[in-house]
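Q: Sharing final-v5.tsv here; it has TSV, C-alpha atoms.
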```
chain	number	residue	atom	x	y	z
A	1	MET	CA	21.42	72.94	-23.95
A	2	ARG	CA	19.47	70.75	-21.56
A	3	PRO	CA	16.14	72.12	-20.32
A	4	GLY	CA	16.37	74.49	-17.39
A	5	ILE	CA	20.12	74.96	-17.38
A	6	ASP	CA	20.28	78.40	-18.99
A	7	ARG	CA	17.52	79.65	-16.72
A	8	CYS	CA	19.05	78.23	-13.55
A	9	ALA	CA	22.55	79.37	-14.38
A	10	ASP	CA	21.29	82.91	-14.92
A	11	SER	CA	19.55	82.75	-11.57
A	12	GLY	CA	22.81	81.46	-10.11
A	13	ALA	CA	24.02	84.98	-10.58
A	14	ASN	CA	21.41	85.95	-8.03
A	15	ARG	CA	23.78	85.21	-5.19
A	16	HIS	CA	27.18	86.15	-6.48
A	17	ALA	CA	28.03	84.99	-9.93
A	18	GLY	CA	25.82	85.56	-12.88
A	19	SER	CA	26.46	89.23	-13.45
A	20	ASP	CA	30.05	90.33	-13.50
A	21	SER	CA	29.39	92.76	-10.67
A	22	GLY	CA	28.09	89.99	-8.43
A	23	SER	CA	24.74	91.70	-7.97
A	24	GLY	CA	21.37	90.17	-8.68
A	25	ALA	CA	17.93	89.31	-7.43
A	26	ASP	CA	17.25	88.07	-3.91
A	27	PHE	CA	18.75	84.71	-3.01
A	28	GLY	CA	15.88	82.33	-2.15
A	29	VAL	CA	16.97	80.88	1.20
A	30	GLY	CA	13.89	78.70	1.58
A	31	ARG	CA	14.25	77.13	-1.86
A	32	TYR	CA	17.96	76.69	-1.27
A	33	ALA	CA	17.40	74.91	2.05
A	34	ASP	CA	14.72	72.64	0.57
A	35	SER	CA	16.98	71.73	-2.36
A	36	VAL	CA	19.92	70.93	-0.09
A	37	ASP	CA	17.75	68.77	2.18
A	38	ASP	CA	16.27	66.91	-0.77
A	39	ALA	CA	19.76	66.27	-2.16
A	40	LEU	CA	21.13	65.07	1.17
A	41	ASP	CA	18.15	62.76	1.57
A	42	ARG	CA	18.79	61.28	-1.89
A	43	LEU	CA	22.47	60.84	-0.98
A	44	TRP	CA	21.86	59.31	2.45
A	45	GLU	CA	23.22	55.88	1.45
A	46	THR	CA	26.09	57.28	-0.64
A	47	GLY	CA	29.61	56.56	0.54
A	48	PHE	CA	32.57	58.91	0.69
A	49	GLU	CA	34.67	57.69	-2.22
A	50	PHE	CA	34.70	56.13	-5.68
A	51	GLY	CA	37.39	54.72	-7.96
A	52	PRO	CA	40.88	54.57	-6.45
A	53	ASP	CA	40.18	56.67	-3.34
A	54	PHE	CA	38.60	59.64	-5.13
A	55	ALA	CA	36.31	61.79	-3.01
A	56	VAL	CA	32.59	61.70	-3.72
A	57	HIS	CA	31.60	65.21	-4.79
A	58	ALA	CA	27.84	64.81	-4.93
A	59	PRO	CA	26.91	66.62	-1.66
A	60	MET	CA	29.24	69.51	-2.49
A	61	VAL	CA	27.99	69.83	-6.06
A	62	ALA	CA	24.34	69.61	-5.02
A	63	GLU	CA	24.87	72.47	-2.57
A	64	THR	CA	26.70	74.43	-5.26
A	65	LEU	CA	23.90	73.90	-7.76
A	66	ALA	CA	21.46	75.17	-5.14
A	67	VAL	CA	23.60	78.29	-4.69
A	68	LEU	CA	23.55	78.74	-8.47
A	69	GLY	CA	19.77	78.49	-8.47
A	70	CYS	CA	19.75	75.19	-10.39
A	71	HIS	CA	17.22	73.54	-8.11
A	72	ASP	CA	15.46	71.47	-10.76
A	73	VAL	CA	18.76	70.15	-12.11
A	74	ILE	CA	19.95	68.63	-8.82
A	75	PRO	CA	17.94	65.36	-8.73
A	76	ARG	CA	18.91	64.48	-12.30
A	77	TRP	CA	22.53	65.39	-11.68
A	78	ILE	CA	22.69	63.18	-8.57
A	79	GLU	CA	21.23	60.22	-10.47
A	80	THR	CA	23.57	60.64	-13.43
A	81	ASN	CA	26.64	61.16	-11.24
A	82	GLY	CA	25.85	58.07	-9.17
A	83	ARG	CA	25.66	55.92	-12.30
A	84	ARG	CA	28.90	57.30	-13.71
A	85	ARG	CA	30.99	57.20	-10.56
A	86	GLY	CA	29.84	54.01	-8.87
A	87	HIS	CA	30.30	55.29	-5.33
A	88	HIS	CA	31.84	52.91	-2.83
A	89	VAL	CA	29.97	51.70	0.23
A	90	PRO	CA	31.83	53.15	3.26
A	91	PRO	CA	33.45	50.84	5.80
A	92	ALA	CA	31.06	49.56	8.45
A	93	ALA	CA	31.10	51.13	11.89
A	94	GLY	CA	33.62	49.43	14.15
A	95	GLY	CA	32.75	50.91	17.52
A	96	LEU	CA	32.35	54.15	19.40
A	97	LEU	CA	35.30	56.48	19.59
A	98	PRO	CA	36.40	57.80	22.99
A	99	GLU	CA	34.44	60.86	24.10
A	100	ASP	CA	37.58	62.81	24.95
A	101	PRO	CA	38.82	64.60	21.79
A	102	VAL	CA	42.48	63.85	22.57
A	103	GLU	CA	41.71	60.16	22.96
A	104	ALA	CA	39.54	60.17	19.84
A	105	ARG	CA	42.38	61.65	17.82
A	106	ARG	CA	44.80	59.13	19.23
A	107	ALA	CA	42.48	56.24	18.45
A	108	ALA	CA	41.42	56.98	14.89
A	109	LEU	CA	42.78	60.17	13.31
A	110	GLY	CA	43.82	59.35	9.76
A	111	ASP	CA	42.22	55.89	9.84
A	112	TYR	CA	39.71	55.67	6.98
A	113	ARG	CA	38.48	52.32	8.30
A	114	ARG	CA	36.93	54.32	11.15
A	115	VAL	CA	35.11	56.89	8.97
A	116	ALA	CA	31.68	55.65	10.06
A	117	ASP	CA	32.80	55.83	13.68
A	118	TRP	CA	33.91	59.42	13.08
A	119	VAL	CA	30.46	60.23	11.68
A	120	GLN	CA	28.84	58.86	14.83
A	121	TYR	CA	31.30	60.77	16.99
A	122	PHE	CA	30.62	64.12	15.34
A	123	GLU	CA	26.87	63.49	15.28
A	124	TRP	CA	27.01	62.99	19.01
A	125	ARG	CA	29.10	66.15	19.49
A	126	LEU	CA	26.69	68.18	17.34
A	127	SER	CA	23.73	66.91	19.33
A	128	GLU	CA	25.31	68.20	22.53
A	129	ARG	CA	26.67	71.60	21.50
A	130	PRO	CA	26.06	74.31	18.87
A	131	TRP	CA	27.61	73.42	15.54
A	132	ARG	CA	29.90	76.46	15.49
A	133	GLU	CA	31.42	75.49	18.85
A	134	VAL	CA	32.01	71.92	17.72
A	135	LEU	CA	33.63	73.01	14.48
A	136	VAL	CA	35.87	75.63	16.09
A	137	SER	CA	36.97	73.21	18.82
A	138	TRP	CA	38.09	70.69	16.20
A	139	TRP	CA	39.33	73.17	13.62
A	140	PRO	CA	43.02	73.29	14.67
A	141	SER	CA	43.34	69.50	14.55
A	142	LEU	CA	41.55	69.25	11.23
A	143	MET	CA	43.53	72.07	9.62
A	144	GLU	CA	46.74	70.30	10.57
A	145	GLY	CA	45.54	67.65	8.10
A	146	ALA	CA	44.19	70.00	5.45
A	147	LEU	CA	45.56	67.84	2.62
A	148	SER	CA	43.04	65.22	3.72
A	149	ALA	CA	41.61	63.46	0.63
A	150	PHE	CA	43.44	65.98	-1.57
A	151	THR	CA	41.76	68.89	0.26
A	152	HIS	CA	38.23	67.45	0.04
A	153	GLY	CA	37.83	67.11	3.81
A	154	LEU	CA	38.17	70.88	4.06
A	155	ILE	CA	36.07	71.58	0.97
A	156	ARG	CA	33.18	69.27	1.92
A	157	THR	CA	33.12	70.68	5.45
A	158	ALA	CA	33.10	74.23	4.07
A	159	HIS	CA	30.09	73.52	1.84
A	160	ALA	CA	28.23	72.17	4.87
A	161	VAL	CA	29.20	75.29	6.81
A	162	ARG	CA	27.85	77.51	4.04
A	163	THR	CA	24.50	75.75	4.35
A	164	LEU	CA	24.38	76.03	8.14
A	165	SER	CA	25.41	79.68	7.97
A	166	THR	CA	22.68	80.43	5.44
A	167	VAL	CA	19.57	78.76	6.81
A	168	PRO	CA	17.60	80.22	9.74
A	169	GLU	CA	17.48	76.87	11.53
A	170	PRO	CA	19.62	73.87	10.50
A	171	SER	CA	17.90	70.59	9.72
A	172	GLU	CA	19.07	67.19	10.92
A	173	LEU	CA	20.21	66.38	7.40
A	174	GLN	CA	22.29	69.54	7.24
A	175	LEU	CA	23.92	68.87	10.61
A	176	ASN	CA	24.59	65.30	9.53
A	177	GLU	CA	26.36	66.61	6.41
A	178	LEU	CA	28.65	68.68	8.62
A	179	ALA	CA	29.34	65.55	10.67
A	180	ARG	CA	30.16	63.66	7.47
A	181	GLY	CA	32.44	66.38	6.19
A	182	MET	CA	34.37	66.54	9.44
A	183	ALA	CA	34.42	62.74	9.68
A	184	TYR	CA	35.87	62.33	6.21
A	185	TRP	CA	38.43	65.02	7.00
A	186	ALA	CA	39.45	63.26	10.22
A	187	ALA	CA	39.50	59.79	8.66
A	188	ARG	CA	41.69	60.85	5.73
A	189	HIS	CA	43.77	63.27	7.83
A	190	THR	CA	46.92	64.15	5.86
A	191	PRO	CA	49.37	66.60	7.42
A	192	VAL	CA	50.23	69.86	5.70
A	193	PRO	CA	53.92	69.84	4.63
A	194	ARG	CA	55.79	71.95	7.17
A	195	LYS	CA	58.86	72.77	5.09
A	196	LEU	CA	57.12	73.66	1.85
A	197	ARG	CA	57.44	77.32	0.90
A	198	ALA	CA	53.99	78.64	0.12
A	199	GLU	CA	53.18	81.13	-2.60
A	200	GLY	CA	50.96	84.11	-1.88
A	201	PRO	CA	51.08	87.04	0.52
A	202	ALA	CA	52.15	86.69	4.14
A	203	VAL	CA	49.76	87.67	6.93
A	204	THR	CA	50.27	88.60	10.56
A	205	THR	CA	46.75	89.63	11.61
A	206	ALA	CA	43.24	88.36	10.97
A	207	ALA	CA	42.32	91.66	9.33
A	208	GLU	CA	44.76	90.87	6.53
A	209	VAL	CA	43.36	87.41	5.77
A	210	PRO	CA	40.39	88.24	3.49
A	211	ALA	CA	42.49	90.32	1.10
A	212	ALA	CA	45.30	87.78	1.23
A	213	LEU	CA	42.86	85.02	0.32
A	214	SER	CA	41.81	87.05	-2.70
A	215	GLU	CA	45.42	87.45	-3.80
A	216	LEU	CA	46.06	83.76	-3.22
A	217	THR	CA	43.05	82.48	-5.16
A	218	ALA	CA	43.67	84.92	-8.01
A	219	LEU	CA	47.33	83.88	-8.17
A	220	HIS	CA	46.52	80.20	-8.51
A	221	ALA	CA	43.61	80.84	-10.85
A	222	GLY	CA	45.93	82.78	-13.10
A	223	THR	CA	48.56	80.04	-13.02
A	224	TYR	CA	45.93	77.47	-13.86
A	225	ALA	CA	44.63	79.48	-16.83
A	226	ARG	CA	48.15	80.16	-18.11
A	227	LEU	CA	49.39	76.57	-17.87
A	228	ALA	CA	46.11	74.80	-18.74
A	229	PRO	CA	47.53	71.68	-17.05
A	230	HIS	CA	46.92	68.17	-18.28
A	231	PRO	CA	45.29	66.30	-16.65
A	232	PRO	CA	43.01	69.29	-16.05
A	233	VAL	CA	41.41	68.42	-12.71
A	234	PRO	CA	43.96	68.01	-9.87
A	235	GLN	CA	45.36	71.54	-9.82
A	236	VAL	CA	41.95	73.21	-9.58
A	237	HIS	CA	42.13	72.44	-5.86
A	238	ALA	CA	44.80	75.10	-5.50
A	239	VAL	CA	41.89	77.50	-6.05
A	240	THR	CA	38.95	75.66	-4.50
A	241	ALA	CA	40.69	74.85	-1.20
A	242	PRO	CA	41.52	78.51	-0.34
A	243	ALA	CA	38.06	79.53	-1.60
A	244	ALA	CA	36.58	76.94	0.76
A	245	LEU	CA	38.37	78.50	3.72
A	246	ARG	CA	36.63	81.76	2.82
A	247	LEU	CA	33.26	80.10	3.58
A	248	VAL	CA	34.36	79.24	7.11
A	249	LEU	CA	36.31	82.40	7.88
A	250	PRO	CA	33.39	84.35	9.45
A	251	ILE	CA	33.10	81.89	12.34
A	252	LEU	CA	36.82	81.47	13.09
A	253	PRO	CA	38.56	83.32	15.94
A	254	ASP	CA	41.34	85.64	14.81
A	255	ASP	CA	44.18	83.29	15.69
A	256	LEU	CA	42.61	80.43	13.76
A	257	ALA	CA	41.95	82.69	10.77
A	258	VAL	CA	45.66	83.50	10.54
A	259	SER	CA	46.91	79.94	11.06
A	260	SER	CA	44.30	78.57	8.64
A	261	TYR	CA	45.31	81.00	5.93
A	262	ARG	CA	48.94	79.98	6.32
A	263	ALA	CA	47.98	76.31	6.17
A	264	VAL	CA	45.79	76.66	3.10
A	265	ALA	CA	48.43	78.74	1.30
A	266	THR	CA	50.86	75.87	1.85
A	267	VAL	CA	48.25	73.35	0.74
A	268	ALA	CA	47.63	75.25	-2.49
A	269	THR	CA	51.33	75.08	-3.31
A	270	ALA	CA	51.40	71.39	-2.34
A	271	VAL	CA	48.55	70.67	-4.77
A	272	TRP	CA	50.71	71.77	-7.70
A	273	LYS	CA	53.53	69.49	-6.56
A	274	ALA	CA	51.43	66.46	-5.64
A	275	VAL	CA	50.27	65.36	-9.11
A	276	PRO	CA	52.58	65.53	-12.15
A	277	SER	CA	51.05	67.51	-14.99
A	278	MET	CA	52.03	68.85	-18.38
A	279	PRO	CA	51.23	72.33	-19.70
A	280	GLY	CA	48.42	72.17	-22.21
A	281	ALA	CA	46.54	74.35	-24.64
A	282	GLY	CA	43.91	76.55	-23.05
A	283	PRO	CA	41.68	79.34	-24.34
A	284	ALA	CA	43.58	81.99	-22.36
A	285	ALA	CA	46.60	81.50	-24.65
A	286	ALA	CA	44.78	83.04	-27.62
A	287	GLU	CA	45.91	86.51	-28.67
A	288	GLY	CA	43.58	89.19	-27.37
A	289	TYR	CA	41.79	86.67	-25.12
A	290	ARG	CA	38.91	87.90	-22.99
A	291	PRO	CA	37.09	85.39	-20.79
A	292	PRO	CA	33.34	84.90	-21.15
A	293	PRO	CA	31.08	86.63	-18.62
A	294	GLY	CA	30.20	84.83	-15.41
A	295	ARG	CA	26.64	83.94	-16.41
A	296	VAL	CA	27.93	82.17	-19.53
A	297	LEU	CA	30.54	80.24	-17.58
A	298	ALA	CA	27.95	79.17	-15.00
A	299	ALA	CA	25.62	77.92	-17.72
A	300	ASP	CA	28.43	76.08	-19.51
A	301	ALA	CA	29.68	74.43	-16.32
A	302	VAL	CA	26.23	73.18	-15.38
A	303	GLU	CA	25.60	71.94	-18.91
A	304	LEU	CA	28.90	70.04	-18.88
A	305	GLY	CA	27.91	68.51	-15.56
A	306	GLU	CA	31.42	67.60	-14.41
A	307	GLU	CA	31.90	67.94	-10.66
A	308	HIS	CA	35.01	70.08	-10.66
A	309	ALA	CA	33.81	72.34	-13.45
A	310	ILE	CA	30.70	73.22	-11.45
A	311	LYS	CA	32.56	73.70	-8.17
A	312	LEU	CA	35.52	75.62	-9.60
A	313	THR	CA	33.26	77.91	-11.63
A	314	GLU	CA	31.12	78.79	-8.62
A	315	ALA	CA	34.19	79.34	-6.45
A	316	CYS	CA	35.83	81.54	-9.08
A	317	LEU	CA	32.68	83.58	-9.59
A	318	ARG	CA	32.32	84.00	-5.83
A	319	GLU	CA	35.91	85.19	-5.52
A	320	HIS	CA	35.50	87.40	-8.60
A	321	ALA	CA	32.46	89.06	-7.01
A	322	LEU	CA	34.54	89.94	-3.94
A	323	SER	CA	37.61	91.14	-5.84
A	324	PRO	CA	37.03	91.40	-9.61
A	325	ASP	CA	39.86	89.80	-11.56
A	326	ASP	CA	39.67	88.17	-14.99
A	327	ARG	CA	42.03	85.42	-13.83
A	328	TYR	CA	39.10	83.80	-12.06
A	329	LEU	CA	36.97	83.76	-15.18
A	330	ALA	CA	39.90	82.51	-17.26
A	331	ALA	CA	40.53	79.61	-14.87
A	332	ALA	CA	36.90	78.49	-15.00
A	333	HIS	CA	36.86	78.84	-18.78
A	334	THR	CA	40.05	76.78	-19.07
A	335	LEU	CA	38.68	73.87	-17.04
A	336	ILE	CA	35.33	73.90	-18.84
A	337	SER	CA	37.11	73.92	-22.19
A	338	ASN	CA	39.55	71.11	-21.36
A	339	CYS	CA	37.42	68.86	-19.15
A	340	GLN	CA	35.13	66.08	-20.26
A	341	TYR	CA	32.45	64.23	-18.32
```
Could you express the structure from this file as structure tokens?
A:
Amino acid sequence: MRPGIDRCADSGANRHAGSDSGSGADFGVGRYADSVDDALDRLWETGFEFGPDFAVHAPMVAETLAVLGCHDVIPRWIETNGRRRGHHVPPAAGGLLPEDPVEARRAALGDYRRVADWVQYFEWRLSERPWREVLVSWWPSLMEGALSAFTHGLIRTAHAVRTLSTVPEPSELQLNELARGMAYWAARHTPVPRKLRAEGPAVTTAAEVPAALSELTALHAGTYARLAPHPPVPQVHAVTAPAALRLVLPILPDDLAVSSYRAVATVATAVWKAVPSMPGAGPAAAEGYRPPPGRVLAADAVELGEEHAIKLTEACLREHALSPDDRYLAAAHTLISNCQY
């Protein structure tokens, strides 16, 4: 095991994951904020995608590692990931978008060539108004395209929101990361299928949404562990996208909480249909299977180093802490067991 990983993964329990009860020592907000800022500074020149239009995960994973307490691992992980993925340079800025949100949407929503222009647009909006107001004002439009970049617009934005909701005073780097998350979401805007029947519980009020999210994430985690799909990565987003909504839920008005849950439930179902996969062999199929404890899964995910293994494990442990269910642990164990980096 690489130096520091076992120690940091155990401390990752400090916030929500390392003990199966979700309890632990105090979460170090100052260290977390410093680690996120350092990571965002290192990633300043990094683009949004690599390979054939795959989303860059580095800002999301760096924030996740900070949540897990793996502060000393982050710089090395960023360097290694950059070498392995060969991140693309984003398209150059083409010009300012219209100030009016309706005109901005009309001009460039879903146009990845304008991603740098979207960053500038949201930076300007965030300089004028509190970040929560900006996000909520754009949330309905963005959620209409929640399949953006195979859910990564939503997920990257949610990681930025977790940072801004955690720190006492947001830094310029942290606000810029929110602008980048929203910009990528807008530039890769992909509508949620309207006629697709979503799995999971129905909701009519905002008060029902938190419990429904738990049922939804547990449902898809269980399906993932049972099927152990091959390839192993795409379907994890049926868990991580609803779990990402959870991070934003506290700042959403009631009507947006309900509509967002319905959208993300549809998206989770769409994820399973979007990429063909074959059932595989996973650890949960063994007779008498019991998943490893959360602290072991966190350590194994960080040691593996693969982006989705780290993010899914943290999301599953976070959901497990809210509503204990071994399906979360089994899903993380399945990905870690079947994923290579």
Q: For a quick check of understanding, using all atoms listed in the file, which of A:Ala321, A:Tyr261, A:His189, A:Leu256 has the smallest distance to Val136 in chain A?
A: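 Comparing A:Ala321, A:Tyr261, A:His189, A:Leu256 against Val136 in chain A, the winner is A:Leu256.
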Q: Kindly indicate which residue among A:Leu245, A:Val61, A:Leu40, A:Ala284 lies nearest to Ala309 in chain A, using all atoms listed in the file for the distances.
A: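 The closest residue to Ala309 in chain A is A:Val61.
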Q: With all atoms listed in the file as the basis for distance, which of A:Trp185, A:Phe54, A:Trp44, A:Tyr112 is at the shortest distance from Ser141 in chain A?
A: A:Trp185
Q: Identify which of the residues A:Pro193, A:Pro253, A:Gly69, A:Gly86 lies closest to Val29 in chain A, counting all atoms listed in the file when measuring atom-to-atom distances.
A: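 Looking at the shortest contact to Val29 in chain A, the residue is A:Gly69.
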Q: What is the CA of Glu123 in chain A-CA of Tyr184 in chain A distance in Å, reported with one decimal?
A: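 Computing the Euclidean distance for CA of Glu123 in chain A and CA of Tyr184 in chain A yields 12.8 Å.
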Q: Counting all atoms listed in the file, which of A:Glu307, A:Asp53, A:Glu177, A:Glu172 gets nearest to Phe150 in chain A?
A: A:Asp53
Q: Calculate how many Å separate CA of Val264 in chain A from CA of Leu196 in chain A, rounding to one decimal.
A: 11.8 Å
Q: Pick out the residues sitting within 8 Å of His87 in chain A, and hand them over as number ranges by chain; count all atoms listed in the file, and ignore anything fewer than 6 positions along from it in its own chain.
A: A: 46-51, 56
Q: Tell me, as a count of residues only, which residues lie within 12 Å of Ile155 in chain A, counting all atoms listed in the file; anything in the same chain fewer than 4 positions away does not count.
A: 43
Q: Work out how far CA of Glu99 in chain A is from CA of Glu144 in chain A, in Å to one decimal.
A: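 Result for CA of Glu144 in chain A versus CA of Glu99 in chain A: 20.6 Å, one decimal.
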Q: Nearest to Leu164 in chain A among A:Val89, A:Ala33, A:Val271, A:Pro279, with distances taken over all atoms listed in the file: which residue is it?
A: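 Among A:Val89, A:Ala33, A:Val271, A:Pro279, it is A:Ala33 that comes nearest to Leu164 in chain A.
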Q: Please provide as a ChimeraX atom specification all residues within 8 Å of range 113-122 of chain A, with the sequence filter that same-chain residues fewer than 3 positions apart are discarded (counting all atoms listed in the file).
A: /A:90-97,99,108,125-126,179-180,182-184,186-187
Q: Within 12 Å of (17.5, 79.5, 7.0), only C-alpha atoms: residues as a list in words?
A: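 Using only C-alpha atoms, the matching residues come out as Phe27, Gly28, Val29, Gly30, Arg31, Tyr32, Ala33, Asp34, Val36, Asp37, Arg162, Thr163, Leu164, Ser165, Thr166, Val167, Pro168, Glu169, Pro170, Ser171 and Gln174 of chain A.
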Q: My structure is short of atoms at range 326-335 of chain A; please model all heavy atoms there, returning them as a compact mmCIF listing (two decimals), in the coordinates of the input.
A:
```txt
# COMPACT_ATOMS: atom_id res chain seq x y z
N ASP A 326 39.96 89.06 -13.88
CA ASP A 326 39.67 88.17 -14.99
C ASP A 326 40.38 86.82 -14.88
O ASP A 326 40.03 85.88 -15.58
CB ASP A 326 40.04 88.83 -16.32
CG ASP A 326 38.97 89.78 -16.83
OD1 ASP A 326 37.90 89.86 -16.16
OD2 ASP A 326 39.19 90.43 -17.86
N ARG A 327 41.37 86.71 -14.00
CA ARG A 327 42.03 85.42 -13.83
C ARG A 327 41.06 84.35 -13.33
O ARG A 327 41.20 83.17 -13.67
CB ARG A 327 43.23 85.56 -12.89
CG ARG A 327 44.43 86.27 -13.51
CD ARG A 327 45.57 86.43 -12.52
NE ARG A 327 45.24 87.41 -11.49
CZ ARG A 327 46.09 87.74 -10.51
NH1 ARG A 327 47.28 87.16 -10.43
NH2 ARG A 327 45.75 88.66 -9.62
N TYR A 328 40.10 84.77 -12.51
CA TYR A 328 39.10 83.80 -12.06
C TYR A 328 38.27 83.27 -13.22
O TYR A 328 38.05 82.06 -13.36
CB TYR A 328 38.17 84.45 -11.03
CG TYR A 328 38.82 84.88 -9.75
CD1 TYR A 328 38.77 86.21 -9.34
CD2 TYR A 328 39.48 83.97 -8.94
CE1 TYR A 328 39.35 86.62 -8.14
CE2 TYR A 328 40.08 84.37 -7.75
CZ TYR A 328 40.01 85.70 -7.37
OH TYR A 328 40.58 86.10 -6.19
N LEU A 329 37.79 84.16 -14.04
CA LEU A 329 36.97 83.76 -15.18
C LEU A 329 37.77 82.90 -16.15
O LEU A 329 37.27 81.93 -16.71
CB LEU A 329 36.42 84.99 -15.89
CG LEU A 329 35.65 85.99 -15.02
CD1 LEU A 329 35.13 87.16 -15.86
CD2 LEU A 329 34.50 85.32 -14.28
N ALA A 330 39.05 83.27 -16.34
CA ALA A 330 39.90 82.51 -17.26
C ALA A 330 40.14 81.10 -16.75
O ALA A 330 40.19 80.14 -17.53
CB ALA A 330 41.22 83.25 -17.46
N ALA A 331 40.31 80.94 -15.44
CA ALA A 331 40.53 79.61 -14.87
C ALA A 331 39.30 78.73 -15.09
O ALA A 331 39.42 77.57 -15.50
CB ALA A 331 40.85 79.72 -13.39
N ALA A 332 38.12 79.26 -14.79
CA ALA A 332 36.90 78.49 -15.00
C ALA A 332 36.73 78.13 -16.47
O ALA A 332 36.39 76.99 -16.81
CB ALA A 332 35.70 79.28 -14.50
N HIS A 333 36.97 79.09 -17.35
CA HIS A 333 36.86 78.84 -18.78
C HIS A 333 37.83 77.76 -19.24
O HIS A 333 37.49 76.90 -20.07
CB HIS A 333 37.12 80.15 -19.54
CG HIS A 333 36.80 80.07 -20.99
ND1 HIS A 333 37.40 80.89 -21.93
CD2 HIS A 333 35.95 79.28 -21.69
CE1 HIS A 333 36.92 80.61 -23.12
NE2 HIS A 333 36.04 79.64 -23.01
N THR A 334 39.04 77.78 -18.69
CA THR A 334 40.05 76.78 -19.07
C THR A 334 39.61 75.37 -18.68
O THR A 334 39.71 74.43 -19.48
CB THR A 334 41.39 77.12 -18.40
OG1 THR A 334 41.82 78.40 -18.86
CG2 THR A 334 42.46 76.08 -18.73
N LEU A 335 39.12 75.21 -17.47
CA LEU A 335 38.68 73.87 -17.04
C LEU A 335 37.49 73.41 -17.87
O LEU A 335 37.44 72.27 -18.33
CB LEU A 335 38.34 73.86 -15.56
CG LEU A 335 37.83 72.52 -15.03
CD1 LEU A 335 38.88 71.42 -15.20
CD2 LEU A 335 37.39 72.62 -13.58
```
